[in-house]
file query-v4.pdb (PDB, C-alpha atoms)
ATOM      1  CA  MET A   1      10.345 -25.678 -22.129
ATOM      2  CA  ALA A   2       7.366 -26.710 -24.216
ATOM      3  CA  THR A   3       3.913 -25.484 -23.301
ATOM      4  CA  PRO A   4       2.123 -28.185 -21.274
ATOM      5  CA  LYS A   5      -0.805 -29.807 -23.039
ATOM      6  CA  HIS A   6      -3.179 -28.888 -20.274
ATOM      7  CA  VAL A   7      -2.509 -25.228 -20.944
ATOM      8  CA  LEU A   8      -3.073 -25.646 -24.659
ATOM      9  CA  LYS A   9      -6.277 -27.505 -23.929
ATOM     10  CA  SER A  10      -7.686 -24.564 -22.053
ATOM     11  CA  ASN A  11     -10.515 -22.955 -23.927
ATOM     12  CA  LEU A  12      -8.678 -19.704 -23.479
ATOM     13  CA  ASN A  13      -6.575 -18.042 -26.016
ATOM     14  CA  ASP A  14      -5.311 -16.210 -23.011
ATOM     15  CA  SER A  15      -1.669 -16.573 -22.237
ATOM     16  CA  CYS A  16       0.044 -16.470 -18.885
ATOM     17  CA  LYS A  17       1.146 -12.948 -19.768
ATOM     18  CA  ARG A  18      -2.449 -11.860 -20.156
ATOM     19  CA  MET A  19      -3.360 -13.616 -16.909
ATOM     20  CA  THR A  20      -0.605 -11.730 -15.140
ATOM     21  CA  ASP A  21      -1.972  -8.468 -16.488
ATOM     22  CA  LEU A  22      -5.404  -9.377 -15.114
ATOM     23  CA  ILE A  23      -4.281 -10.269 -11.579
ATOM     24  CA  PHE A  24      -4.817  -6.777 -10.243
ATOM     25  CA  ARG A  25      -8.400  -6.629 -11.481
ATOM     26  CA  TYR A  26      -9.080 -10.189 -10.385
ATOM     27  CA  LEU A  27      -7.977  -9.546  -6.818
ATOM     28  CA  THR A  28     -10.134  -6.451  -6.575
ATOM     29  CA  ASP A  29     -13.073  -8.331  -8.079
ATOM     30  CA  ARG A  30     -13.259  -6.071 -11.092
ATOM     31  CA  LEU A  31     -13.259  -8.635 -13.861
ATOM     32  CA  THR A  32     -16.429  -9.195 -15.829
ATOM     33  CA  PRO A  33     -18.097 -12.508 -14.949
ATOM     34  CA  THR A  34     -16.895 -14.015 -18.226
ATOM     35  CA  LEU A  35     -13.313 -12.884 -17.778
ATOM     36  CA  LYS A  36     -13.332 -13.999 -14.178
ATOM     37  CA  ARG A  37     -14.548 -17.450 -15.185
ATOM     38  CA  GLU A  38     -11.862 -17.698 -17.836
ATOM     39  CA  PHE A  39      -9.205 -16.435 -15.448
ATOM     40  CA  GLU A  40     -10.115 -19.058 -12.859
ATOM     41  CA  GLN A  41     -10.246 -21.775 -15.492
ATOM     42  CA  HIS A  42      -6.753 -20.843 -16.595
ATOM     43  CA  LEU A  43      -5.614 -20.991 -12.966
ATOM     44  CA  ARG A  44      -7.007 -24.504 -12.575
ATOM     45  CA  LEU A  45      -5.092 -25.661 -15.620
ATOM     46  CA  CYS A  46      -1.874 -23.721 -15.229
ATOM     47  CA  PRO A  47       0.118 -24.351 -12.043
ATOM     48  CA  ASP A  48       2.625 -21.692 -13.046
ATOM     49  CA  CYS A  49      -0.048 -19.008 -13.007
ATOM     50  CA  MET A  50      -1.525 -20.359  -9.769
ATOM     51  CA  ASN A  51       1.910 -20.223  -8.160
ATOM     52  CA  PHE A  52       2.497 -16.763  -9.567
ATOM     53  CA  LEU A  53      -0.815 -15.578  -8.144
ATOM     54  CA  ASN A  54      -0.025 -17.057  -4.732
ATOM     55  CA  THR A  55       3.329 -15.313  -4.567
ATOM     56  CA  TYR A  56       1.781 -12.042  -5.761
ATOM     57  CA  LYS A  57      -0.795 -12.248  -2.978
ATOM     58  CA  LYS A  58       1.835 -13.143  -0.418
ATOM     59  CA  THR A  59       3.856 -10.116  -1.470
ATOM     60  CA  VAL A  60       0.888  -7.809  -0.917
ATOM     61  CA  SER A  61       0.195  -9.492   2.395
ATOM     62  CA  LEU A  62       3.792  -8.987   3.525
ATOM     63  CA  ALA A  63       3.709  -5.334   2.531
ATOM     64  CA  GLY A  64       0.527  -4.960   4.574
ATOM     65  CA  SER A  65       2.312  -6.371   7.597
ATOM     66  CA  LEU A  66       4.529  -3.287   7.627
ATOM     67  CA  SER A  67       1.568  -1.107   8.514
ATOM     68  CA  ALA A  68       2.144   0.697  11.792
ATOM     69  CA  ASN A  69       0.229   3.190  13.828
ATOM     70  CA  GLU A  70       2.683   4.472  16.349
ATOM     71  CA  ILE A  71       4.888   7.479  16.656
ATOM     72  CA  PRO A  72       8.008   6.940  18.759
ATOM     73  CA  HIS A  73       7.838   8.649  22.129
ATOM     74  CA  ASP A  74      10.886  10.844  21.552
ATOM     75  CA  VAL A  75       9.628  11.945  18.134
ATOM     76  CA  ARG A  76       6.246  12.818  19.602
ATOM     77  CA  THR A  77       7.918  14.834  22.365
ATOM     78  CA  ASN A  78      10.076  16.719  19.862
ATOM     79  CA  VAL A  79       7.194  17.448  17.489
ATOM     80  CA  LEU A  80       5.017  18.694  20.320
ATOM     81  CA  ALA A  81       7.850  20.889  21.580
ATOM     82  CA  PHE A  82       8.159  22.334  18.076
ATOM     83  CA  LEU A  83       4.436  23.076  17.916
ATOM     84  CA  ARG A  84       4.473  24.686  21.355
ATOM     85  CA  ARG A  85       7.269  26.991  20.214
ATOM     86  CA  LYS A  86       5.241  27.909  17.159
ATOM     87  CA  MET A  87       2.117  28.520  19.207
ATOM     88  CA  PRO A  88       3.169  30.184  22.458
ATOM     89  CA  GLY A  89       0.778  31.337  25.084
ATOM     90  CA  ILE A  90      -1.152  28.143  25.490
ATOM     91  CA  ALA A  91      -1.342  27.220  29.131
ATOM     92  CA  VAL A  92      -2.413  23.640  28.748
ATOM     93  CA  PHE A  93      -1.693  22.249  25.339
ATOM     94  CA  PHE A  94      -0.785  18.828  24.176
ATOM     95  CA  SER A  95      -0.792  17.274  27.600
ATOM     96  CA  LEU A  96      -0.537  13.860  25.989
TER      97      LEU A  96
ATOM     98  CA  MET B  97     -13.807   4.315   2.809
ATOM     99  CA  SER B  98     -12.319   2.069   0.246
ATOM    100  CA  ALA B  99     -13.610   1.692  -3.263
ATOM    101  CA  MET B 100     -10.794  -0.734  -3.817
ATOM    102  CA  GLN B 101     -11.450  -3.562  -1.428
ATOM    103  CA  PRO B 102      -8.383  -5.481  -0.351
ATOM    104  CA  PHE B 103      -8.733  -9.094  -1.309
ATOM    105  CA  ASP B 104      -9.380 -11.527   1.486
ATOM    106  CA  ALA B 105      -9.732 -15.191   2.248
ATOM    107  CA  SER B 106     -13.505 -15.057   2.108
ATOM    108  CA  SER B 107     -13.663 -13.465  -1.335
ATOM    109  CA  PRO B 108     -15.488 -15.333  -4.058
ATOM    110  CA  GLN B 109     -12.233 -15.884  -5.893
ATOM    111  CA  ILE B 110     -11.006 -19.355  -6.664
ATOM    112  CA  SER B 111     -10.010 -21.422  -3.657
ATOM    113  CA  ILE B 112      -6.298 -21.394  -3.026
ATOM    114  CA  PRO B 113      -4.164 -22.556  -0.105
ATOM    115  CA  ARG B 114      -4.838 -20.579   3.071
ATOM    116  CA  ALA B 115      -1.194 -19.739   3.497
ATOM    117  CA  ALA B 116      -1.318 -17.780   0.275
ATOM    118  CA  THR B 117      -4.539 -15.907   0.674
ATOM    119  CA  GLY B 118      -3.139 -12.470   1.299
ATOM    120  CA  ARG B 119      -4.365 -10.435   4.228
ATOM    121  CA  GLU B 120      -5.837 -12.554   6.940
ATOM    122  CA  PRO B 121      -8.177 -12.576   8.649
ATOM    123  CA  ALA B 122     -10.764 -11.208   6.257
ATOM    124  CA  ARG B 123     -11.526  -7.519   6.590
ATOM    125  CA  GLU B 124     -14.856  -6.091   7.580
ATOM    126  CA  THR B 125     -17.318  -5.457   4.830
ATOM    127  CA  ARG B 126     -17.984  -1.873   3.788
ATOM    128  CA  ALA B 127     -21.513  -2.109   5.250
ATOM    129  CA  ALA B 128     -20.112  -3.164   8.620
ATOM    130  CA  ARG B 129     -17.695  -0.239   8.593
ATOM    131  CA  GLU B 130     -20.312   2.302   7.581
ATOM    132  CA  PRO B 131     -21.675   3.293  11.046
ATOM    133  CA  ARG B 132     -18.158   3.813  12.358
ATOM    134  CA  ARG B 133     -17.211   5.727   9.211
ATOM    135  CA  ARG B 134     -20.183   8.072   9.673
ATOM    136  CA  LYS B 135     -19.364   8.663  13.335
ATOM    137  CA  SER B 136     -15.757   9.296  12.432
ATOM    138  CA  ALA B 137     -16.774  11.684   9.632
ATOM    139  CA  ALA B 138     -19.013  13.620  12.017
ATOM    140  CA  GLU B 139     -16.249  13.888  14.592
ATOM    141  CA  ASN B 140     -13.787  14.918  11.929
ATOM    142  CA  SER B 141     -16.198  17.535  10.666
ATOM    143  CA  GLU B 142     -16.391  19.112  14.119
ATOM    144  CA  ILE B 143     -12.632  19.003  14.575
ATOM    145  CA  ILE B 144     -12.037  20.555  11.148
ATOM    146  CA  GLU B 145     -14.443  23.380  11.892
ATOM    147  CA  ARG B 146     -12.700  24.104  15.181
ATOM    148  CA  LEU B 147      -9.334  23.911  13.489
ATOM    149  CA  GLN B 148     -10.433  26.344  10.809
ATOM    150  CA  ASN B 149     -11.489  28.735  13.562
ATOM    151  CA  GLY B 150      -7.987  28.637  15.012
ATOM    152  CA  ASP B 151      -8.744  26.313  17.912
ATOM    153  CA  GLN B 152      -5.350  24.958  18.917
ATOM    154  CA  GLU B 153      -6.856  22.160  20.960
ATOM    155  CA  ALA B 154      -8.371  20.867  17.737
ATOM    156  CA  LEU B 155      -4.831  20.397  16.497
ATOM    157  CA  GLU B 156      -4.198  18.274  19.551
ATOM    158  CA  ALA B 157      -7.164  16.108  18.594
ATOM    159  CA  VAL B 158      -5.865  15.745  15.042
ATOM    160  CA  PHE B 159      -2.434  14.895  16.392
ATOM    161  CA  LYS B 160      -3.857  12.201  18.648
ATOM    162  CA  LEU B 161      -5.884  10.718  15.821
ATOM    163  CA  TYR B 162      -3.390  10.789  12.985
ATOM    164  CA  SER B 163       0.205  11.282  14.127
ATOM    165  CA  GLY B 164       0.913   7.539  14.299
ATOM    166  CA  LYS B 165      -0.413   6.838  10.812
ATOM    167  CA  LEU B 166       1.243   9.852   9.253
ATOM    168  CA  TYR B 167       4.551   9.065  10.922
ATOM    169  CA  SER B 168       4.358   5.527   9.571
ATOM    170  CA  VAL B 169       3.675   6.775   6.034
ATOM    171  CA  ALA B 170       6.476   9.349   6.102
ATOM    172  CA  GLN B 171       8.908   6.914   7.663
ATOM    173  CA  ARG B 172       8.255   4.307   4.993
ATOM    174  CA  ILE B 173       8.727   6.794   2.192
ATOM    175  CA  LEU B 174      11.843   8.364   3.684
ATOM    176  CA  GLY B 175      13.418   5.489   5.531
ATOM    177  CA  GLU B 176      15.315   7.935   7.773
ATOM    178  CA  ALA B 177      14.050   8.712  11.242
ATOM    179  CA  ALA B 178      15.522  12.218  11.523
ATOM    180  CA  ASP B 179      13.869  13.413   8.323
ATOM    181  CA  THR B 180      10.619  11.788   9.353
ATOM    182  CA  GLU B 181      10.457  13.862  12.515
ATOM    183  CA  GLU B 182      10.939  17.063  10.533
ATOM    184  CA  VAL B 183       8.304  16.028   8.026
ATOM    185  CA  ILE B 184       5.778  15.325  10.765
ATOM    186  CA  GLN B 185       6.356  18.615  12.514
ATOM    187  CA  ASP B 186       6.039  20.470   9.211
ATOM    188  CA  VAL B 187       2.838  18.591   8.402
ATOM    189  CA  PHE B 188       1.115  19.463  11.678
ATOM    190  CA  TRP B 189       2.244  23.058  11.516
ATOM    191  CA  THR B 190       0.868  23.219   7.964
ATOM    192  CA  VAL B 191      -2.371  21.603   9.088
ATOM    193  CA  TYR B 192      -2.832  24.343  11.637
ATOM    194  CA  ARG B 193      -1.856  27.215   9.342
ATOM    195  CA  LYS B 194      -3.682  26.006   6.250
ATOM    196  CA  ALA B 195      -6.749  24.396   7.760
ATOM    197  CA  LYS B 196      -8.913  26.971   6.019
ATOM    198  CA  SER B 197      -7.633  25.811   2.642
ATOM    199  CA  PHE B 198      -9.210  22.407   3.255
ATOM    200  CA  LYS B 199     -12.444  22.660   1.300
ATOM    201  CA  GLY B 200     -13.775  19.190   1.913
ATOM    202  CA  ASP B 201     -13.294  18.056  -1.691
ATOM    203  CA  SER B 202     -11.650  14.941  -0.318
ATOM    204  CA  GLN B 203     -11.743  13.247   3.042
ATOM    205  CA  PHE B 204      -9.818  15.051   5.755
ATOM    206  CA  SER B 205      -7.578  12.030   6.179
ATOM    207  CA  THR B 206      -6.782  12.102   2.442
ATOM    208  CA  TRP B 207      -5.740  15.737   2.790
ATOM    209  CA  LEU B 208      -3.463  14.792   5.689
ATOM    210  CA  TYR B 209      -1.959  11.934   3.700
ATOM    211  CA  ARG B 210      -1.450  14.317   0.790
ATOM    212  CA  LEU B 211       0.413  16.835   2.953
ATOM    213  CA  THR B 212       2.540  14.074   4.432
ATOM    214  CA  VAL B 213       3.422  12.363   1.163
ATOM    215  CA  ASN B 214       4.189  15.680  -0.525
ATOM    216  CA  ALA B 215       6.445  16.718   2.349
ATOM    217  CA  ALA B 216       8.211  13.358   2.322
ATOM    218  CA  LEU B 217       8.623  13.287  -1.455
ATOM    219  CA  GLY B 218       9.973  16.852  -1.330
ATOM    220  CA  ARG B 219      12.651  15.709   1.104
ATOM    221  CA  VAL B 220      13.482  12.743  -1.084
ATOM    222  CA  ARG B 221      13.863  15.014  -4.119
ATOM    223  CA  ARG B 222      16.209  17.312  -2.219
ATOM    224  CA  SER B 223      18.287  14.480  -0.805
ATOM    225  CA  LYS B 224      21.125  12.739  -2.560
ATOM    226  CA  LYS B 225      19.722  10.605  -5.312
ATOM    227  CA  LYS B 226      20.425   6.949  -4.860
ATOM    228  CA  LYS B 227      20.905   4.722  -7.836
ATOM    229  CA  GLU B 228      17.574   3.400  -9.018
ATOM    230  CA  VAL B 229      17.046  -0.291  -9.544
ATOM    231  CA  ASP B 230      16.036  -1.377 -13.024
ATOM    232  CA  TYR B 231      12.484  -2.662 -12.635
ATOM    233  CA  GLU B 232      12.736  -4.848 -15.737
ATOM    234  CA  GLU B 233      15.205  -7.119 -13.982
ATOM    235  CA  PHE B 234      12.550  -8.126 -11.466
ATOM    236  CA  LEU B 235       9.396  -8.157 -13.558
ATOM    237  CA  PRO B 236       7.910 -11.403 -14.923
ATOM    238  CA  LYS B 237       9.069 -12.454 -18.353
ATOM    239  CA  PHE B 238       7.274 -14.474 -20.959
ATOM    240  CA  GLN B 239       7.948 -16.578 -24.021
ATOM    241  CA  LYS B 240       6.777 -15.389 -27.416
ATOM    242  CA  ASP B 241       3.588 -17.412 -27.023
ATOM    243  CA  GLY B 242       2.876 -15.579 -23.786
ATOM    244  CA  HIS B 243       3.661 -18.353 -21.336
ATOM    245  CA  HIS B 244       6.060 -17.955 -18.437
ATOM    246  CA  LEU B 245       9.670 -17.786 -19.563
ATOM    247  CA  VAL B 246      11.058 -19.690 -16.577
ATOM    248  CA  ARG B 247       9.271 -22.844 -15.511
ATOM    249  CA  PRO B 248       8.188 -24.039 -13.185
ATOM    250  CA  VAL B 249       7.141 -20.868 -11.374
ATOM    251  CA  VAL B 250       7.911 -21.697  -7.759
ATOM    252  CA  ASP B 251       5.269 -21.076  -5.118
ATOM    253  CA  TRP B 252       7.357 -19.856  -2.198
ATOM    254  CA  SER B 253       4.374 -18.247  -0.497
ATOM    255  CA  ASP B 254       3.413 -21.107   1.783
ATOM    256  CA  THR B 255       6.871 -21.858   3.157
ATOM    257  CA  LEU B 256       7.920 -18.336   4.066
ATOM    258  CA  ASP B 257       6.245 -18.274   7.457
ATOM    259  CA  GLU B 258       7.898 -21.579   8.391
ATOM    260  CA  LYS B 259      11.355 -20.570   7.242
ATOM    261  CA  TYR B 260      11.502 -17.005   8.463
ATOM    262  CA  ALA B 261      10.490 -15.107  11.556
ATOM    263  CA  GLN B 262       7.971 -12.316  11.041
ATOM    264  CA  ARG B 263      10.634  -9.704  11.715
ATOM    265  CA  GLN B 264      12.913 -11.215   9.070
ATOM    266  CA  LEU B 265      10.089 -11.152   6.560
ATOM    267  CA  GLN B 266       9.336  -7.534   7.379
ATOM    268  CA  THR B 267      13.003  -6.655   6.893
ATOM    269  CA  LEU B 268      12.926  -8.441   3.564
ATOM    270  CA  ILE B 269       9.814  -6.704   2.261
ATOM    271  CA  GLY B 270      11.052  -3.395   3.699
ATOM    272  CA  LYS B 271      14.259  -3.795   1.706
ATOM    273  CA  ALA B 272      12.232  -4.539  -1.421
ATOM    274  CA  LEU B 273      10.055  -1.506  -0.782
ATOM    275  CA  ASP B 274      13.122   0.710  -0.512
ATOM    276  CA  GLN B 275      14.130  -0.228  -4.066
ATOM    277  CA  LEU B 276      10.973   1.319  -5.509
ATOM    278  CA  LYS B 277      10.874   4.751  -7.066
ATOM    279  CA  PRO B 278       9.553   7.213  -4.447
ATOM    280  CA  ILE B 279       6.221   7.756  -6.188
ATOM    281  CA  ASP B 280       5.657   4.001  -6.563
ATOM    282  CA  LYS B 281       6.644   3.459  -2.957
ATOM    283  CA  SER B 282       4.079   6.073  -1.975
ATOM    284  CA  VAL B 283       1.396   4.250  -3.941
ATOM    285  CA  ILE B 284       2.226   0.939  -2.253
ATOM    286  CA  VAL B 285       2.359   2.536   1.196
ATOM    287  CA  LEU B 286      -0.997   4.237   0.798
ATOM    288  CA  SER B 287      -2.640   1.183  -0.729
ATOM    289  CA  ASP B 288      -1.168  -1.934   0.809
ATOM    290  CA  LEU B 289      -0.071  -0.523   4.159
ATOM    291  CA  GLU B 290      -2.723   2.109   4.785
ATOM    292  CA  GLY B 291      -5.643   0.593   2.886
ATOM    293  CA  LEU B 292      -6.622   3.732   0.955
ATOM    294  CA  SER B 293      -8.768   3.294  -2.138
ATOM    295  CA  ASP B 294      -7.256   3.995  -5.530
ATOM    296  CA  ARG B 295      -9.489   7.082  -5.719
ATOM    297  CA  GLU B 296      -8.097   8.392  -2.435
ATOM    298  CA  ILE B 297      -4.555   7.619  -3.523
ATOM    299  CA  ALA B 298      -5.140   9.437  -6.788
ATOM    300  CA  ALA B 299      -6.340  12.474  -4.828
ATOM    301  CA  ALA B 300      -3.430  12.309  -2.399
ATOM    302  CA  LEU B 301      -0.782  11.986  -5.091
ATOM    303  CA  SER B 302      -2.366  14.072  -7.859
ATOM    304  CA  LEU B 303      -2.461  11.081 -10.190
ATOM    305  CA  THR B 304      -5.282   9.700 -12.281
ATOM    306  CA  ILE B 305      -7.011   6.619 -10.916
ATOM    307  CA  SER B 306      -5.807   4.717 -13.935
ATOM    308  CA  ALA B 307      -2.217   5.736 -13.227
ATOM    309  CA  VAL B 308      -2.595   4.585  -9.624
ATOM    310  CA  LYS B 309      -3.770   1.142 -10.728
ATOM    311  CA  THR B 310      -0.977   0.793 -13.256
ATOM    312  CA  ARG B 311       1.713   1.892 -10.811
ATOM    313  CA  LEU B 312       0.311  -0.290  -8.036
ATOM    314  CA  HIS B 313       0.273  -3.443 -10.147
ATOM    315  CA  ARG B 314       3.723  -2.844 -11.593
ATOM    316  CA  ALA B 315       5.187  -2.027  -8.176
ATOM    317  CA  ARG B 316       3.666  -5.195  -6.730
ATOM    318  CA  LEU B 317       5.110  -7.226  -9.605
ATOM    319  CA  PHE B 318       8.499  -5.685  -8.893
ATOM    320  CA  LEU B 319       8.265  -6.410  -5.164
ATOM    321  CA  ARG B 320       7.244  -9.971  -5.892
ATOM    322  CA  GLY B 321      10.178 -10.440  -8.263
ATOM    323  CA  PHE B 322      12.621  -8.826  -5.858
ATOM    324  CA  LEU B 323      11.442 -11.091  -3.041
ATOM    325  CA  ALA B 324      11.680 -14.145  -5.292
ATOM    326  CA  VAL B 325      15.299 -13.327  -6.110
ATOM    327  CA  GLN B 326      16.121 -12.683  -2.455
ATOM    328  CA  LEU B 327      14.679 -16.111  -1.673
ATOM    329  CA  GLY B 328      16.804 -17.776  -4.317
ATOM    330  CA  HIS B 329      14.212 -18.110  -7.077
ATOM    331  CA  SER B 330      13.754 -16.564 -10.471
ATOM    332  CA  ALA B 331      11.881 -13.269 -10.676
ATOM    333  CA  ALA B 332      10.337 -14.434 -13.932
TER     334      ALA B 332
END

call {"tool": "encode", "arguments": {"input": "query-v4.pdb", "output": "structure tokens"}}
result
Amino acid sequence: MATPKHVLKSNLNDSCKRMTDLIFRYLTDRLTPTLKREFEQHLRLCPDCMNFLNTYKKTVSLAGSLSANEIPHDVRTNVLAFLRRKMPGIAVFFSL
Amino acid sequence: MSAMQPFDASSPQISIPRAATGREPARETRAAREPRRRKSAAENSEIIERLQNGDQEALEAVFKLYSGKLYSVAQRILGEAADTEEVIQDVFWTVYRKAKSFKGDSQFSTWLYRLTVNAALGRVRRSKKKKEVDYEEFLPKFQKDGHHLVRPVVDWSDTLDEKYAQRQLQTLIGKALDQLKPIDKSVIVLSDLEGLSDREIAAALSLTISAVKTRLHRARLFLRGFLAVQLGHSAA
């Protein structure tokens, strides 16, 4: 497929490949002001890169949704039993 | 805590559809977290001192504070519940025995993450190796002039939540995560699930910060491509 005119018209020499390489720094706000401006200009002109960015962000968001902060009750019981065996002589320990 | 701030909907970045703005709602600023961080650091400092003096009740405090997080990290890296339990018990026993070796060069939590990831990766190394997926198959590809090889690039980000239940999406991303090399999976888990900074991840995994950034970006590109394929689109 030919390169759309709007992409060629961009004042960037930057390609979509370069934009993809910059996504990480863009999302962590680590691009220089000039690069950031150019990156965002490319995004406005290139729907492919905008769509790529959106799916990249969604991927990170989905990964974040896997975050958990719980230990199953039976695992906790077993781990505590293990630690009690390793550290005998404690009258009241891990009364969770 | 985090030098590497997760992106959020309120960031100064270009406006894009809300459905595709990554983690929502926006996270607290570092300044807003600071008082809690200091309080937490002070409490940790006291617990560590007690732990280093052999106070077993201090281990109980550490267990209460961190067992959920550490279990989650180990479970994600291992993917097998039985191994996870053994890793967690080894980690807490190590914490108690080796508390004196913690010199405070990193945050206490980073040390705990390091013990956990090392224990989990050790188990992975000893277990039967599963066939690794070729990353290249799921990474973006470009024409010679640097533009996307397959056009149009489909934005599937804003329809996912309508088409799939949250649990289905978590299964999908979990499956993608399991295709990663263990070290890359660890980087993703510590960064995108646990919110550690790249500096903390580097300390936890004995990598350079630069290596963390490179691995994180490449792993995210792979996950994105894998998801795209699972959803019936091109990875490119």

call {"tool": "resolve_selection", "arguments": {"input": "query-v4.pdb", "expression": "the PyMOL selection byres ((chain A) within 9 of (chain B))", "output": "PyMOL selection string"}}
result
chain A and resi 1+3+14-18+20-21+23-24+26-29+36+40+43-44+47-72+75-76+78-80+82-83+86-87+90+93-96

call {"tool": "atom_distance", "arguments": {"input": "query-v4.pdb", "atom1": "CA of Phe234 (chain B)", "atom2": "CA of Ala331 (chain B)"}}
result
5.2 Å

call {"tool": "atom_distance", "arguments": {"input": "query-v4.pdb", "atom1": "CA of Gly328 (chain B)", "atom2": "CA of Lys281 (chain B)"}}
result
23.6 Å

call {"tool": "atom_distance", "arguments": {"input": "query-v4.pdb", "atom1": "CA of Phe198 (chain B)", "atom2": "CA of Ser141 (chain B)"}}
result
11.3 Å

call {"tool": "axis_aligned_box", "arguments": {"input": "query-v4.pdb", "around": "region 71-89 of chain A", "padding_each_side": "8 Å", "output": "AutoDock Vina command-line options"}}
result
--center_x 5.8 --center_y 19.1 --center_z 20.9 --size_x 26.1 --size_y 40.4 --size_z 24.4

call {"tool": "closest_residue", "arguments": {"input": "query-v4.pdb", "among": "B:Val220, B:Ala170, B:Lys277, B:Arg210", "to": "Ala298 (chain B)", "atoms": "only C-alpha atoms"}}
result
B:Arg210

call {"tool": "resolve_selection", "arguments": {"input": "query-v4.pdb", "expression": "the PyMOL selection byres ((chain B and resi 145) around 12)", "output": "list in words"}}
result
Ala138, Glu139, Asn140, Ser141, Glu142, Ile143, Ile144, Arg146, Leu147, Gln148, Asn149, Gly150, Asp151, Gln152, Glu153, Ala154, Leu155, Val158, Tyr192, Ala195, Lys196, Ser197, Phe198, Lys199, Gly200 and Phe204 of chain B

call {"tool": "resolve_selection", "arguments": {"input": "query-v4.pdb", "expression": "the PyMOL selection byres ((chain B and resi 211) around 10)", "output": "list in words"}}
result
Leu166, Val183, Ile184, Asp186, Val187, Phe188, Thr190, Val191, Ser205, Thr206, Trp207, Leu208, Tyr209, Arg210, Thr212, Val213, Asn214, Ala215, Ala216, Leu217, Ala300 and Leu301 of chain B

call {"tool": "write_last_selection", "arguments": {"input": "query-v4.pdb", "atoms": "C-alpha atoms", "output": "PDB file, in the frame of the given file"}}
result
ATOM      1  CA  LEU B 166       1.243   9.852   9.253  1.00  0.00           C
ATOM      2  CA  VAL B 183       8.304  16.028   8.026  1.00  0.00           C
ATOM      3  CA  ILE B 184       5.778  15.325  10.765  1.00  0.00           C
ATOM      4  CA  ASP B 186       6.039  20.470   9.211  1.00  0.00           C
ATOM      5  CA  VAL B 187       2.838  18.591   8.402  1.00  0.00           C
ATOM      6  CA  PHE B 188       1.115  19.463  11.678  1.00  0.00           C
ATOM      7  CA  THR B 190       0.868  23.219   7.964  1.00  0.00           C
ATOM      8  CA  VAL B 191      -2.371  21.603   9.088  1.00  0.00           C
ATOM      9  CA  SER B 205      -7.578  12.030   6.179  1.00  0.00           C
ATOM     10  CA  THR B 206      -6.782  12.102   2.442  1.00  0.00           C
ATOM     11  CA  TRP B 207      -5.740  15.737   2.790  1.00  0.00           C
ATOM     12  CA  LEU B 208      -3.463  14.792   5.689  1.00  0.00           C
ATOM     13  CA  TYR B 209      -1.959  11.934   3.700  1.00  0.00           C
ATOM     14  CA  ARG B 210      -1.450  14.317   0.790  1.00  0.00           C
ATOM     15  CA  THR B 212       2.540  14.074   4.432  1.00  0.00           C
ATOM     16  CA  VAL B 213       3.422  12.363   1.163  1.00  0.00           C
ATOM     17  CA  ASN B 214       4.189  15.680  -0.525  1.00  0.00           C
ATOM     18  CA  ALA B 215       6.445  16.718   2.349  1.00  0.00           C
ATOM     19  CA  ALA B 216       8.211  13.358   2.322  1.00  0.00           C
ATOM     20  CA  LEU B 217       8.623  13.287  -1.455  1.00  0.00           C
ATOM     21  CA  ALA B 300      -3.430  12.309  -2.399  1.00  0.00           C
ATOM     22  CA  LEU B 301      -0.782  11.986  -5.091  1.00  0.00           C
TER      23      LEU B 301
END

call {"tool": "build_atoms", "arguments": {"input": "query-v4.pdb", "residues": "region 268-277 of chain B", "atoms": "N, CA and C atoms", "output": "PDB file, keeping the file's coordinate frame"}}
result
ATOM      1  N   LEU B 268      12.812  -8.078   4.974  1.00  0.00           N
ATOM      2  CA  LEU B 268      12.926  -8.441   3.564  1.00  0.00           C
ATOM      3  C   LEU B 268      12.004  -7.584   2.688  1.00  0.00           C
ATOM      4  N   ILE B 269      10.759  -7.480   3.079  1.00  0.00           N
ATOM      5  CA  ILE B 269       9.814  -6.704   2.261  1.00  0.00           C
ATOM      6  C   ILE B 269      10.137  -5.211   2.371  1.00  0.00           C
ATOM      7  N   GLY B 270      10.640  -4.800   3.529  1.00  0.00           N
ATOM      8  CA  GLY B 270      11.052  -3.395   3.699  1.00  0.00           C
ATOM      9  C   GLY B 270      12.192  -3.054   2.748  1.00  0.00           C
ATOM     10  N   LYS B 271      13.122  -3.987   2.618  1.00  0.00           N
ATOM     11  CA  LYS B 271      14.259  -3.795   1.706  1.00  0.00           C
ATOM     12  C   LYS B 271      13.751  -3.702   0.260  1.00  0.00           C
ATOM     13  N   ALA B 272      12.812  -4.569  -0.067  1.00  0.00           N
ATOM     14  CA  ALA B 272      12.232  -4.539  -1.421  1.00  0.00           C
ATOM     15  C   ALA B 272      11.534  -3.210  -1.676  1.00  0.00           C
ATOM     16  N   LEU B 273      10.801  -2.771  -0.681  1.00  0.00           N
ATOM     17  CA  LEU B 273      10.055  -1.506  -0.782  1.00  0.00           C
ATOM     18  C   LEU B 273      11.001  -0.332  -1.030  1.00  0.00           C
ATOM     19  N   ASP B 274      12.154  -0.381  -0.381  1.00  0.00           N
ATOM     20  CA  ASP B 274      13.122   0.710  -0.512  1.00  0.00           C
ATOM     21  C   ASP B 274      13.749   0.790  -1.900  1.00  0.00           C
ATOM     22  N   GLN B 275      13.582  -0.254  -2.699  1.00  0.00           N
ATOM     23  CA  GLN B 275      14.130  -0.228  -4.066  1.00  0.00           C
ATOM     24  C   GLN B 275      13.199   0.499  -5.034  1.00  0.00           C
ATOM     25  N   LEU B 276      11.954   0.700  -4.604  1.00  0.00           N
ATOM     26  CA  LEU B 276      10.973   1.319  -5.509  1.00  0.00           C
ATOM     27  C   LEU B 276      11.249   2.805  -5.710  1.00  0.00           C
ATOM     28  N   LYS B 277      10.822   3.302  -6.852  1.00  0.00           N
ATOM     29  CA  LYS B 277      10.874   4.751  -7.066  1.00  0.00           C
ATOM     30  C   LYS B 277       9.964   5.403  -6.020  1.00  0.00           C
TER      31      LYS B 277
END
